[in-house]
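**Student:** Contents of run31.pdb (PDB, C-alpha atoms and all ligand atoms) are given next:
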ATOM      1  CA  MET A   1      42.130   6.991  51.063  1.00  0.00           C
ATOM      2  CA  ASN A   2      41.503   3.795  52.998  1.00  0.00           C
ATOM      3  CA  ILE A   3      37.854   2.930  53.336  1.00  0.00           C
ATOM      4  CA  SER A   4      37.107  -0.478  54.763  1.00  0.00           C
ATOM      5  CA  VAL A   5      36.155  -3.177  52.289  1.00  0.00           C
ATOM      6  CA  ALA A   6      33.349  -5.654  52.731  1.00  0.00           C
ATOM      7  CA  ILE A   7      35.278  -8.564  51.253  1.00  0.00           C
ATOM      8  CA  ASP A   8      38.708  -9.856  52.180  1.00  0.00           C
ATOM      9  CA  PRO A   9      40.700 -10.222  48.949  1.00  0.00           C
ATOM     10  CA  GLN A  10      43.311 -12.519  50.519  1.00  0.00           C
ATOM     11  CA  GLU A  11      40.683 -14.867  51.879  1.00  0.00           C
ATOM     12  CA  LEU A  12      38.937 -15.081  48.500  1.00  0.00           C
ATOM     13  CA  ILE A  13      42.154 -15.644  46.557  1.00  0.00           C
ATOM     14  CA  GLU A  14      43.376 -18.272  48.991  1.00  0.00           C
ATOM     15  CA  ALA A  15      40.025 -20.078  48.884  1.00  0.00           C
ATOM     16  CA  ARG A  16      40.233 -20.107  45.078  1.00  0.00           C
ATOM     17  CA  ILE A  17      43.786 -21.476  45.190  1.00  0.00           C
ATOM     18  CA  SER A  18      42.718 -24.205  47.640  1.00  0.00           C
ATOM     19  CA  SER A  19      39.949 -25.207  45.225  1.00  0.00           C
ATOM     20  CA  PHE A  20      42.533 -26.444  42.689  1.00  0.00           C
ATOM     21  CA  GLY A  21      43.261 -30.147  43.057  1.00  0.00           C
ATOM     22  CA  LYS A  22      46.844 -31.416  43.287  1.00  0.00           C
ATOM     23  CA  ASP A  23      46.547 -32.868  39.761  1.00  0.00           C
ATOM     24  CA  GLU A  24      45.353 -29.561  38.383  1.00  0.00           C
ATOM     25  CA  VAL A  25      48.288 -27.684  39.924  1.00  0.00           C
ATOM     26  CA  GLU A  26      50.682 -30.303  38.543  1.00  0.00           C
ATOM     27  CA  LYS A  27      49.210 -29.825  35.065  1.00  0.00           C
ATOM     28  CA  PHE A  28      49.633 -26.050  35.341  1.00  0.00           C
ATOM     29  CA  ALA A  29      53.266 -26.574  36.406  1.00  0.00           C
ATOM     30  CA  GLU A  30      53.954 -28.960  33.510  1.00  0.00           C
ATOM     31  CA  GLU A  31      52.485 -26.499  31.039  1.00  0.00           C
ATOM     32  CA  PHE A  32      54.589 -23.686  32.501  1.00  0.00           C
ATOM     33  CA  ALA A  33      57.768 -25.794  32.373  1.00  0.00           C
ATOM     34  CA  ALA A  34      57.107 -26.780  28.743  1.00  0.00           C
ATOM     35  CA  LYS A  35      55.933 -23.441  27.346  1.00  0.00           C
ATOM     36  CA  GLY A  36      56.993 -20.669  29.737  1.00  0.00           C
ATOM     37  CA  PHE A  37      53.334 -19.675  29.969  1.00  0.00           C
ATOM     38  CA  VAL A  38      50.256 -21.051  31.657  1.00  0.00           C
ATOM     39  CA  LYS A  39      46.738 -19.669  31.800  1.00  0.00           C
ATOM     40  CA  ILE A  40      44.769 -20.081  35.029  1.00  0.00           C
ATOM     41  CA  PRO A  41      41.125 -19.844  33.920  1.00  0.00           C
ATOM     42  CA  GLU A  42      38.673 -18.047  36.238  1.00  0.00           C
ATOM     43  CA  PHE A  43      41.370 -17.344  38.788  1.00  0.00           C
ATOM     44  CA  LEU A  44      39.501 -14.337  40.214  1.00  0.00           C
ATOM     45  CA  PRO A  45      36.249 -15.158  42.015  1.00  0.00           C
ATOM     46  CA  LYS A  46      33.355 -13.162  40.543  1.00  0.00           C
ATOM     47  CA  GLU A  47      32.718 -10.990  43.626  1.00  0.00           C
ATOM     48  CA  LEU A  48      36.406 -10.070  43.820  1.00  0.00           C
ATOM     49  CA  LEU A  49      36.603  -9.385  40.072  1.00  0.00           C
ATOM     50  CA  ASP A  50      33.660  -6.962  40.211  1.00  0.00           C
ATOM     51  CA  ASP A  51      35.150  -5.032  43.142  1.00  0.00           C
ATOM     52  CA  LEU A  52      38.641  -5.078  41.635  1.00  0.00           C
ATOM     53  CA  ILE A  53      37.316  -3.596  38.390  1.00  0.00           C
ATOM     54  CA  GLU A  54      35.466  -0.828  40.216  1.00  0.00           C
ATOM     55  CA  ASP A  55      38.479  -0.039  42.424  1.00  0.00           C
ATOM     56  CA  SER A  56      40.921  -0.092  39.495  1.00  0.00           C
ATOM     57  CA  ASP A  57      38.695   1.899  37.122  1.00  0.00           C
ATOM     58  CA  GLY A  58      38.520   4.728  39.666  1.00  0.00           C
ATOM     59  CA  ILE A  59      42.303   4.680  40.126  1.00  0.00           C
ATOM     60  CA  VAL A  60      42.989   4.626  36.362  1.00  0.00           C
ATOM     61  CA  GLU A  61      40.537   7.501  35.925  1.00  0.00           C
ATOM     62  CA  ARG A  62      42.273   9.641  38.559  1.00  0.00           C
ATOM     63  CA  PHE A  63      45.918   8.625  38.192  1.00  0.00           C
ATOM     64  CA  GLY A  64      46.401   6.884  34.822  1.00  0.00           C
ATOM     65  CA  LYS A  65      49.258   8.224  32.678  1.00  0.00           C
ATOM     66  CA  ASP A  66      49.120   7.987  28.893  1.00  0.00           C
ATOM     67  CA  LYS A  67      52.315   6.661  27.323  1.00  0.00           C
ATOM     68  CA  ASN A  68      53.137   6.760  23.638  1.00  0.00           C
ATOM     69  CA  LEU A  69      56.793   6.016  22.991  1.00  0.00           C
ATOM     70  CA  LEU A  70      59.388   3.719  21.489  1.00  0.00           C
ATOM     71  CA  MET A  71      61.416   1.869  24.142  1.00  0.00           C
ATOM     72  CA  LYS A  72      65.103   2.108  23.280  1.00  0.00           C
ATOM     73  CA  SER A  73      66.258  -0.671  25.613  1.00  0.00           C
ATOM     74  CA  THR A  74      63.932  -3.164  23.884  1.00  0.00           C
ATOM     75  CA  GLY A  75      64.899  -2.250  20.310  1.00  0.00           C
ATOM     76  CA  ASN A  76      62.462   0.662  19.898  1.00  0.00           C
ATOM     77  CA  THR A  77      59.309  -1.424  20.220  1.00  0.00           C
ATOM     78  CA  PRO A  78      56.159   0.643  20.860  1.00  0.00           C
ATOM     79  CA  ARG A  79      54.345   1.389  24.108  1.00  0.00           C
ATOM     80  CA  LYS A  80      50.899   2.928  23.598  1.00  0.00           C
ATOM     81  CA  MET A  81      49.097   2.423  26.857  1.00  0.00           C
ATOM     82  CA  ARG A  82      47.816   3.985  30.050  1.00  0.00           C
ATOM     83  CA  THR A  83      49.643   2.990  33.229  1.00  0.00           C
ATOM     84  CA  VAL A  84      49.428   3.303  37.007  1.00  0.00           C
ATOM     85  CA  GLY A  85      52.563   2.624  39.048  1.00  0.00           C
ATOM     86  CA  GLN A  86      53.085   0.740  42.304  1.00  0.00           C
ATOM     87  CA  HIS A  87      53.557   3.901  44.379  1.00  0.00           C
ATOM     88  CA  ILE A  88      49.972   4.922  43.591  1.00  0.00           C
ATOM     89  CA  LEU A  89      48.411   1.461  43.919  1.00  0.00           C
ATOM     90  CA  ALA A  90      50.106   0.971  47.305  1.00  0.00           C
ATOM     91  CA  LYS A  91      48.170   3.983  48.615  1.00  0.00           C
ATOM     92  CA  GLU A  92      44.958   3.870  46.622  1.00  0.00           C
ATOM     93  CA  SER A  93      44.016   0.251  45.907  1.00  0.00           C
ATOM     94  CA  GLN A  94      41.878  -1.657  48.382  1.00  0.00           C
ATOM     95  CA  TYR A  95      42.814  -4.980  46.805  1.00  0.00           C
ATOM     96  CA  ILE A  96      46.023  -5.181  44.785  1.00  0.00           C
ATOM     97  CA  PRO A  97      48.590  -4.813  47.612  1.00  0.00           C
ATOM     98  CA  GLN A  98      46.628  -7.321  49.716  1.00  0.00           C
ATOM     99  CA  ILE A  99      46.563  -9.884  46.913  1.00  0.00           C
ATOM    100  CA  TYR A 100      50.300  -9.447  46.338  1.00  0.00           C
ATOM    101  CA  ALA A 101      50.927  -9.932  50.064  1.00  0.00           C
ATOM    102  CA  SER A 102      49.153 -13.305  50.090  1.00  0.00           C
ATOM    103  CA  GLU A 103      51.482 -16.108  51.170  1.00  0.00           C
ATOM    104  CA  GLY A 104      49.010 -18.574  49.664  1.00  0.00           C
ATOM    105  CA  LEU A 105      49.540 -16.881  46.301  1.00  0.00           C
ATOM    106  CA  ARG A 106      53.333 -16.945  46.666  1.00  0.00           C
ATOM    107  CA  GLU A 107      53.214 -20.657  47.507  1.00  0.00           C
ATOM    108  CA  PHE A 108      50.899 -21.344  44.541  1.00  0.00           C
ATOM    109  CA  LEU A 109      53.323 -19.574  42.178  1.00  0.00           C
ATOM    110  CA  THR A 110      56.210 -21.519  43.732  1.00  0.00           C
ATOM    111  CA  ASP A 111      54.334 -24.725  42.857  1.00  0.00           C
ATOM    112  CA  LEU A 112      53.751 -23.503  39.288  1.00  0.00           C
ATOM    113  CA  ALA A 113      57.380 -22.431  38.811  1.00  0.00           C
ATOM    114  CA  GLY A 114      58.914 -25.546  40.392  1.00  0.00           C
ATOM    115  CA  GLN A 115      61.298 -23.290  42.324  1.00  0.00           C
ATOM    116  CA  ALA A 116      61.051 -20.725  45.109  1.00  0.00           C
ATOM    117  CA  VAL A 117      59.189 -17.596  43.994  1.00  0.00           C
ATOM    118  CA  HIS A 118      59.793 -14.395  45.962  1.00  0.00           C
ATOM    119  CA  ARG A 119      58.245 -10.941  45.968  1.00  0.00           C
ATOM    120  CA  ALA A 120      60.181  -8.440  43.868  1.00  0.00           C
ATOM    121  CA  PRO A 121      62.693  -6.697  46.138  1.00  0.00           C
ATOM    122  CA  TRP A 122      62.359  -3.371  44.329  1.00  0.00           C
ATOM    123  CA  PRO A 123      58.961  -1.812  45.183  1.00  0.00           C
ATOM    124  CA  PRO A 124      58.160  -0.125  41.815  1.00  0.00           C
ATOM    125  CA  GLU A 125      58.135  -3.529  40.073  1.00  0.00           C
ATOM    126  CA  LYS A 126      55.840  -5.287  42.547  1.00  0.00           C
ATOM    127  CA  PHE A 127      52.481  -4.475  40.942  1.00  0.00           C
ATOM    128  CA  VAL A 128      51.271  -2.113  38.215  1.00  0.00           C
ATOM    129  CA  LEU A 129      48.126  -1.497  36.194  1.00  0.00           C
ATOM    130  CA  SER A 130      48.198  -1.430  32.425  1.00  0.00           C
ATOM    131  CA  ASN A 131      45.244  -0.265  30.351  1.00  0.00           C
ATOM    132  CA  LEU A 132      44.920  -0.479  26.561  1.00  0.00           C
ATOM    133  CA  TYR A 133      41.853   1.560  25.639  1.00  0.00           C
ATOM    134  CA  ARG A 134      42.361   3.309  22.279  1.00  0.00           C
ATOM    135  CA  ASP A 135      42.498   1.483  18.953  1.00  0.00           C
ATOM    136  CA  GLY A 136      46.153   0.799  18.205  1.00  0.00           C
ATOM    137  CA  ASP A 137      47.166   0.683  21.893  1.00  0.00           C
ATOM    138  CA  THR A 138      49.834  -1.969  22.428  1.00  0.00           C
ATOM    139  CA  HIS A 139      52.521  -3.071  24.876  1.00  0.00           C
ATOM    140  CA  GLY A 140      55.303  -3.884  22.418  1.00  0.00           C
ATOM    141  CA  TRP A 141      57.889  -6.703  22.426  1.00  0.00           C
ATOM    142  CA  HIS A 142      60.119  -6.823  25.497  1.00  0.00           C
ATOM    143  CA  TRP A 143      61.623  -8.961  28.203  1.00  0.00           C
ATOM    144  CA  ASP A 144      61.111  -8.243  31.923  1.00  0.00           C
ATOM    145  CA  ASP A 145      63.798  -7.600  34.531  1.00  0.00           C
ATOM    146  CA  TYR A 146      62.583 -10.352  36.895  1.00  0.00           C
ATOM    147  CA  SER A 147      61.793 -13.986  36.071  1.00  0.00           C
ATOM    148  CA  PHE A 148      58.074 -14.196  36.661  1.00  0.00           C
ATOM    149  CA  ALA A 149      54.973 -12.184  35.794  1.00  0.00           C
ATOM    150  CA  PHE A 150      51.569 -13.107  37.218  1.00  0.00           C
ATOM    151  CA  VAL A 151      48.922 -11.151  35.342  1.00  0.00           C
ATOM    152  CA  LEU A 152      45.301 -10.703  36.438  1.00  0.00           C
ATOM    153  CA  TYR A 153      42.834  -9.891  33.694  1.00  0.00           C
ATOM    154  CA  LEU A 154      40.205  -7.336  34.737  1.00  0.00           C
ATOM    155  CA  LYS A 155      38.950  -6.470  31.237  1.00  0.00           C
ATOM    156  CA  ALA A 156      39.560  -8.503  28.089  1.00  0.00           C
ATOM    157  CA  PRO A 157      38.945  -7.472  24.478  1.00  0.00           C
ATOM    158  CA  SER A 158      36.905  -9.850  22.310  1.00  0.00           C
ATOM    159  CA  ILE A 159      38.674 -11.960  19.675  1.00  0.00           C
ATOM    160  CA  SER A 160      37.995  -9.393  16.933  1.00  0.00           C
ATOM    161  CA  GLN A 161      39.385  -6.651  19.174  1.00  0.00           C
ATOM    162  CA  GLY A 162      42.835  -8.267  19.605  1.00  0.00           C
ATOM    163  CA  GLY A 163      45.013  -7.456  22.616  1.00  0.00           C
ATOM    164  CA  PHE A 164      46.453 -11.002  22.664  1.00  0.00           C
ATOM    165  CA  VAL A 165      49.590 -12.008  24.535  1.00  0.00           C
ATOM    166  CA  GLN A 166      52.337 -13.310  22.267  1.00  0.00           C
ATOM    167  CA  ILE A 167      55.507 -14.967  23.480  1.00  0.00           C
ATOM    168  CA  CYS A 168      58.671 -16.150  21.782  1.00  0.00           C
ATOM    169  CA  GLY A 169      61.456 -18.121  23.446  1.00  0.00           C
ATOM    170  CA  GLY A 170      65.081 -18.580  22.581  1.00  0.00           C
ATOM    171  CA  GLY A 171      66.504 -15.139  23.265  1.00  0.00           C
ATOM    172  CA  SER A 172      67.648 -13.168  26.264  1.00  0.00           C
ATOM    173  CA  TRP A 173      67.784  -9.482  26.993  1.00  0.00           C
ATOM    174  CA  ASP A 174      71.004  -7.604  26.346  1.00  0.00           C
ATOM    175  CA  LYS A 175      69.788  -4.143  27.360  1.00  0.00           C
ATOM    176  CA  LYS A 176      72.535  -2.408  25.358  1.00  0.00           C
ATOM    177  CA  ASN A 177      71.923  -4.494  22.262  1.00  0.00           C
ATOM    178  CA  PRO A 178      68.429  -6.001  22.397  1.00  0.00           C
ATOM    179  CA  LYS A 179      68.065  -8.565  19.630  1.00  0.00           C
ATOM    180  CA  VAL A 180      64.300  -8.564  19.284  1.00  0.00           C
ATOM    181  CA  ASN A 181      64.080  -9.278  15.560  1.00  0.00           C
ATOM    182  CA  GLU A 182      66.776 -11.960  15.716  1.00  0.00           C
ATOM    183  CA  THR A 183      64.868 -13.678  18.532  1.00  0.00           C
ATOM    184  CA  LEU A 184      61.616 -13.531  16.523  1.00  0.00           C
ATOM    185  CA  LEU A 185      63.329 -14.965  13.449  1.00  0.00           C
ATOM    186  CA  ASN A 186      64.899 -17.830  15.373  1.00  0.00           C
ATOM    187  CA  GLY A 187      61.942 -18.818  17.522  1.00  0.00           C
ATOM    188  CA  SER A 188      58.264 -19.518  17.106  1.00  0.00           C
ATOM    189  CA  ILE A 189      55.558 -17.227  18.393  1.00  0.00           C
ATOM    190  CA  HIS A 190      52.681 -18.503  20.499  1.00  0.00           C
ATOM    191  CA  THR A 191      49.546 -16.421  20.899  1.00  0.00           C
ATOM    192  CA  TYR A 192      47.193 -16.545  23.891  1.00  0.00           C
ATOM    193  CA  ARG A 193      43.898 -14.955  24.771  1.00  0.00           C
ATOM    194  CA  CYS A 194      42.338 -14.616  28.229  1.00  0.00           C
ATOM    195  CA  GLU A 195      38.903 -13.617  29.512  1.00  0.00           C
ATOM    196  CA  ALA A 196      38.252 -11.170  32.332  1.00  0.00           C
ATOM    197  CA  GLY A 197      38.850 -13.042  35.594  1.00  0.00           C
ATOM    198  CA  ASP A 198      41.559 -15.298  34.123  1.00  0.00           C
ATOM    199  CA  ALA A 199      45.205 -15.013  35.116  1.00  0.00           C
ATOM    200  CA  TYR A 200      48.417 -16.103  33.473  1.00  0.00           C
ATOM    201  CA  PHE A 201      51.893 -16.924  34.750  1.00  0.00           C
ATOM    202  CA  LEU A 202      54.787 -16.141  32.415  1.00  0.00           C
ATOM    203  CA  ASN A 203      58.516 -16.714  32.432  1.00  0.00           C
ATOM    204  CA  ALA A 204      58.919 -13.074  31.448  1.00  0.00           C
ATOM    205  CA  GLN A 205      62.701 -12.903  31.629  1.00  0.00           C
ATOM    206  CA  LYS A 206      63.361 -15.813  29.238  1.00  0.00           C
ATOM    207  CA  PHE A 207      60.446 -15.264  26.841  1.00  0.00           C
ATOM    208  CA  LEU A 208      60.167 -12.208  24.642  1.00  0.00           C
ATOM    209  CA  HIS A 209      56.545 -11.067  24.943  1.00  0.00           C
ATOM    210  CA  ARG A 210      54.091  -8.397  23.846  1.00  0.00           C
ATOM    211  CA  VAL A 211      50.410  -7.497  23.748  1.00  0.00           C
ATOM    212  CA  THR A 212      49.114  -7.125  20.179  1.00  0.00           C
ATOM    213  CA  PRO A 213      47.361  -3.845  19.289  1.00  0.00           C
ATOM    214  CA  ILE A 214      43.704  -3.562  20.200  1.00  0.00           C
ATOM    215  CA  ALA A 215      41.090  -2.621  17.589  1.00  0.00           C
ATOM    216  CA  ASN A 216      37.343  -2.072  17.228  1.00  0.00           C
ATOM    217  CA  ASN A 217      37.023  -0.129  20.469  1.00  0.00           C
ATOM    218  CA  GLY A 218      38.433  -2.947  22.635  1.00  0.00           C
ATOM    219  CA  LYS A 219      39.319  -2.307  26.292  1.00  0.00           C
ATOM    220  CA  ARG A 220      42.001  -4.250  28.127  1.00  0.00           C
ATOM    221  CA  LEU A 221      42.859  -3.756  31.798  1.00  0.00           C
ATOM    222  CA  ILE A 222      45.340  -5.952  33.665  1.00  0.00           C
ATOM    223  CA  VAL A 223      47.285  -6.028  36.917  1.00  0.00           C
ATOM    224  CA  ASN A 224      50.844  -7.202  36.402  1.00  0.00           C
ATOM    225  CA  MET A 225      52.497  -8.647  39.508  1.00  0.00           C
ATOM    226  CA  THR A 226      56.235  -9.244  39.321  1.00  0.00           C
ATOM    227  CA  TRP A 227      57.872 -12.142  41.166  1.00  0.00           C
ATOM    228  CA  ALA A 228      61.545 -12.992  41.525  1.00  0.00           C
ATOM    229  CA  SER A 229      63.568 -16.208  41.471  1.00  0.00           C
ATOM    230  CA  GLN A 230      66.399 -16.771  43.937  1.00  0.00           C
ATOM    231  CA  ALA A 231      68.838 -16.065  41.069  1.00  0.00           C
ATOM    232  CA  ASP A 232      67.147 -12.688  40.500  1.00  0.00           C
ATOM    233  CA  LEU A 233      67.591 -11.794  44.166  1.00  0.00           C
ATOM    234  CA  ASP A 234      71.289 -12.669  43.907  1.00  0.00           C
ATOM    235  CA  ALA A 235      71.839 -10.670  40.685  1.00  0.00           C
ATOM    236  CA  ASP A 236      72.439  -6.972  40.127  1.00  0.00           C
ATOM    237  CA  MET A 237      69.246  -5.639  38.611  1.00  0.00           C
ATOM    238  CA  THR A 238      68.490  -2.487  36.651  1.00  0.00           C
ATOM    239  CA  HIS A 239      64.987  -1.243  35.902  1.00  0.00           C
ATOM    240  CA  GLU A 240      65.015   0.801  32.681  1.00  0.00           C
ATOM    241  CA  THR A 241      61.593  -0.074  31.265  1.00  0.00           C
ATOM    242  CA  ASN A 242      59.769   0.161  34.570  1.00  0.00           C
ATOM    243  CA  ASP A 243      61.255   3.615  35.166  1.00  0.00           C
ATOM    244  CA  VAL A 244      59.901   4.853  31.839  1.00  0.00           C
ATOM    245  CA  LEU A 245      56.447   3.265  32.040  1.00  0.00           C
ATOM    246  CA  PHE A 246      55.402   3.297  35.664  1.00  0.00           C
ATOM    247  CA  ALA A 247      57.454   5.804  37.700  1.00  0.00           C
ATOM    248  CA  ASN A 248      55.016   8.722  37.385  1.00  0.00           C
TER     249      ASN A 248
HETATM  250  O1  LIG B 301      49.710  -6.750  29.597  1.00  0.00           O
HETATM  251  C1  LIG B 301      50.235  -7.867  29.639  1.00  0.00           C
HETATM  252  O2  LIG B 301      49.586  -8.922  29.582  1.00  0.00           O
HETATM  253  C2  LIG B 301      51.738  -7.964  29.770  1.00  0.00           C
HETATM  254  C3  LIG B 301      52.329  -6.915  30.649  1.00  0.00           C
HETATM  255  C4  LIG B 301      53.820  -6.955  30.632  1.00  0.00           C
HETATM  256  O3  LIG B 301      54.426  -7.685  29.879  1.00  0.00           O
HETATM  257  C5  LIG B 301      54.590  -6.100  31.534  1.00  0.00           C
HETATM  258  O4  LIG B 301      54.009  -5.236  32.219  1.00  0.00           O
HETATM  259  O5  LIG B 301      55.817  -6.255  31.595  1.00  0.00           O
HETATM  260 FE    FE B 302      56.473  -7.843  30.457  1.00  0.00          FE
END
Any chance you could put this one into structure tokens?
**Tutor:**
Amino acid sequence: MNISVAIDPQELIEARISSFGKDEVEKFAEEFAAKGFVKIPEFLPKELLDDLIEDSDGIVERFGKDKNLLMKSTGNTPRKMRTVGQHILAKESQYIPQIYASEGLREFLTDLAGQAVHRAPWPPEKFVLSNLYRDGDTHGWHWDDYSFAFVLYLKAPSISQGGFVQICGGGSWDKKNPKVNETLLNGSIHTYRCEAGDAYFLNAQKFLHRVTPIANNGKRLIVNMTWASQADLDADMTHETNDVLFAN
């Protein structure tokens, strides 16, 4: 269903990226190098955020799939969430595929990462929607297949409603023997909160991460865009968690 849109998402995103000074981008990159995580406040221009929320709400309403399971390949951590996969967004979203296709965005992420960032070669991992909307909904501890996640916040719970991102370094993902608890015991956990319109960039392959359960009727809606390093492109990749969460 492709109706024409009044605003050009790529133009708006690229204008926003150009508005960051060189010093600001360098600070983002330093933060990312030091912590594996950097928040980009107010990344989405207001007019794009409003349209993106409307577009995504309609898609979640029509195509969202409720998941409630323990993920074996990440040590039986919980997934209680509503998801929409790439194959649906590619057809239905007026904005998300266009944003992902932005070369300005890819170059910005390359600057943040300090190395070449590429689009994920496997379509189902490129972009997905994840919606936490019932008390107790959570995206439990896991690592990602590819190196980088760029997450756009469309709806953010308040502080009392939770839904924070937590990350913990020091481990790596053995899919047959995921050592989640060992990684948590050996590392320290950092907790982050974003507002609607913010984005974050995460080294999602090296840092164990999760979204804490939401409470008090909180609503959280994000777009997760996956990006690959050159090493990822050269490696054999399997996609267990994506298959379970986003394939239908
Ligand atoms: O919802 C988030 O902020 C994280 C999403 C995530 O980690 C994932 O989809 O792999
Ligand atoms: Fe992840």
**Student:** Would you mind telling me which residue in A:Tyr95, A:Arg119, A:Gly85, A:Gly136 lies nearest to ligand LIG 301 (chain B) when using all atoms listed in the file?
**Tutor:** A:Gly85
**Student:** Looking at all atoms listed in the file, which of A:Ala113, A:Ala120, A:Ile96, A:Met81 is the one that sits closest to A:Leu132?
**Tutor:** A:Met81
**Student:** Please write the residues picked by the PyMOL selection byres (((not hetatm)) within 7 of (chain B and resi 301)) on this file as a list in words.
**Tutor:**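 Going through the file, the PyMOL selection byres (((not hetatm)) within 7 of (chain B and resi 301)) ends up selecting Ser130, His139, Asp144, Val151, Val165, His209, Arg210, Val211, Ile222 and Asn224 of chain A.
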**Student:** What are the closest atom pairs, with distances in Å to one decimal, for each residue of chain A lying within 12 Å of ligand FE 302 (chain B), using all atoms listed in the file, rows by chain and rising residue number, as a tab-separated table?
**Tutor:**
residue	atom	partner	partner_atom	distance
A:Thr74	CA	B:FE302	FE	11.0
A:Arg79	CA	B:FE302	FE	11.4
A:Glu125	CA	B:FE302	FE	10.7
A:Phe127	CA	B:FE302	FE	11.7
A:Val128	CA	B:FE302	FE	11.0
A:Leu129	CA	B:FE302	FE	12.0
A:Ser130	CA	B:FE302	FE	10.7
A:Thr138	CA	B:FE302	FE	12.0
A:His139	CA	B:FE302	FE	8.3
A:Gly140	CA	B:FE302	FE	9.0
A:Trp141	CA	B:FE302	FE	8.2
A:His142	CA	B:FE302	FE	6.2
A:Trp143	CA	B:FE302	FE	5.7
A:Asp144	CA	B:FE302	FE	4.9
A:Asp145	CA	B:FE302	FE	8.4
A:Tyr146	CA	B:FE302	FE	9.2
A:Ser147	CA	B:FE302	FE	9.9
A:Phe148	CA	B:FE302	FE	9.0
A:Ala149	CA	B:FE302	FE	7.0
A:Phe150	CA	B:FE302	FE	9.9
A:Val151	CA	B:FE302	FE	9.6
A:Val165	CA	B:FE302	FE	10.0
A:Gln166	CA	B:FE302	FE	10.7
A:Ile167	CA	B:FE302	FE	10.0
A:Trp173	CA	B:FE302	FE	11.9
A:Tyr200	CA	B:FE302	FE	11.9
A:Phe201	CA	B:FE302	FE	11.0
A:Leu202	CA	B:FE302	FE	8.7
A:Asn203	CA	B:FE302	FE	9.3
A:Ala204	CA	B:FE302	FE	5.9
A:Gln205	CA	B:FE302	FE	8.1
A:Lys206	CA	B:FE302	FE	10.6
A:Phe207	CA	B:FE302	FE	9.2
A:Leu208	CA	B:FE302	FE	8.2
A:His209	CA	B:FE302	FE	6.4
A:Arg210	CA	B:FE302	FE	7.0
A:Val211	CA	B:FE302	FE	9.0
A:Ile222	CA	B:FE302	FE	11.7
A:Val223	CA	B:FE302	FE	11.4
A:Asn224	CA	B:FE302	FE	8.2
A:Met225	CA	B:FE302	FE	9.9
A:Thr226	CA	B:FE302	FE	9.0
A:Trp227	CA	B:FE302	FE	11.6
A:Thr241	CA	B:FE302	FE	9.3
A:Asn242	CA	B:FE302	FE	9.6
A:Leu245	CA	B:FE302	FE	11.2
**Student:** What do you get, as a list of chain:residue names, if you spell out every residue that the PyMOL selection byres (((chain A and resi 44) around 9) and not hetatm) selects here?
**Tutor:**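 That expression, the PyMOL selection byres (((chain A and resi 44) around 9) and not hetatm), corresponds here to A:Leu12, A:Ile13, A:Arg16, A:Pro41, A:Glu42, A:Phe43, A:Pro45, A:Lys46, A:Glu47, A:Leu48, A:Leu49, A:Leu152, A:Tyr153, A:Leu154, A:Ala196, A:Gly197, A:Asp198, A:Ala199.
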**Student:** Measuring atom to atom with all atoms listed in the file, identify which of A:Gly187, A:Pro121, A:Gly171, A:Pro213 is nearest to A:Ala228.
**Tutor:** A:Pro121
**Student:** Written as number ranges by chain, which residues does the PyMOL selection byres (((chain A and resi 32) around 10) and not hetatm) give for the file shown?
**Tutor:** A: 26-31, 33-39, 112-114, 200-203
**Student:** Which residues, written as a ChimeraX atom specification, have at least one atom at most 10 Å from A:Lys176, with only C-alpha atoms counted and residues fewer than 5 positions away on the same chain left out?
**Tutor:** /A:72-75
**Student:** Please, what distance in Å, to one decimal, runs between atom CA of A:Ile214 and atom CA of A:Asp55?
**Tutor:** 23.1 Å
**Student:** From the list A:Thr212, A:Gln115, A:Asn181, A:Asn248, which residue is nearest A:Lys65 when using all atoms listed in the file?
**Tutor:**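 Closest candidate: A:Asn248.
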**Student:** In Å, with one decimal, what is the gap from atom CA of A:His190 to atom CA of A:Cys168?
**Tutor:** 6.6 Å
**Student:** How far is it from atom CA of A:Gln94 to atom CA of A:Ala15, in Å with one decimal?
**Tutor:**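 The value is 18.5 Å.
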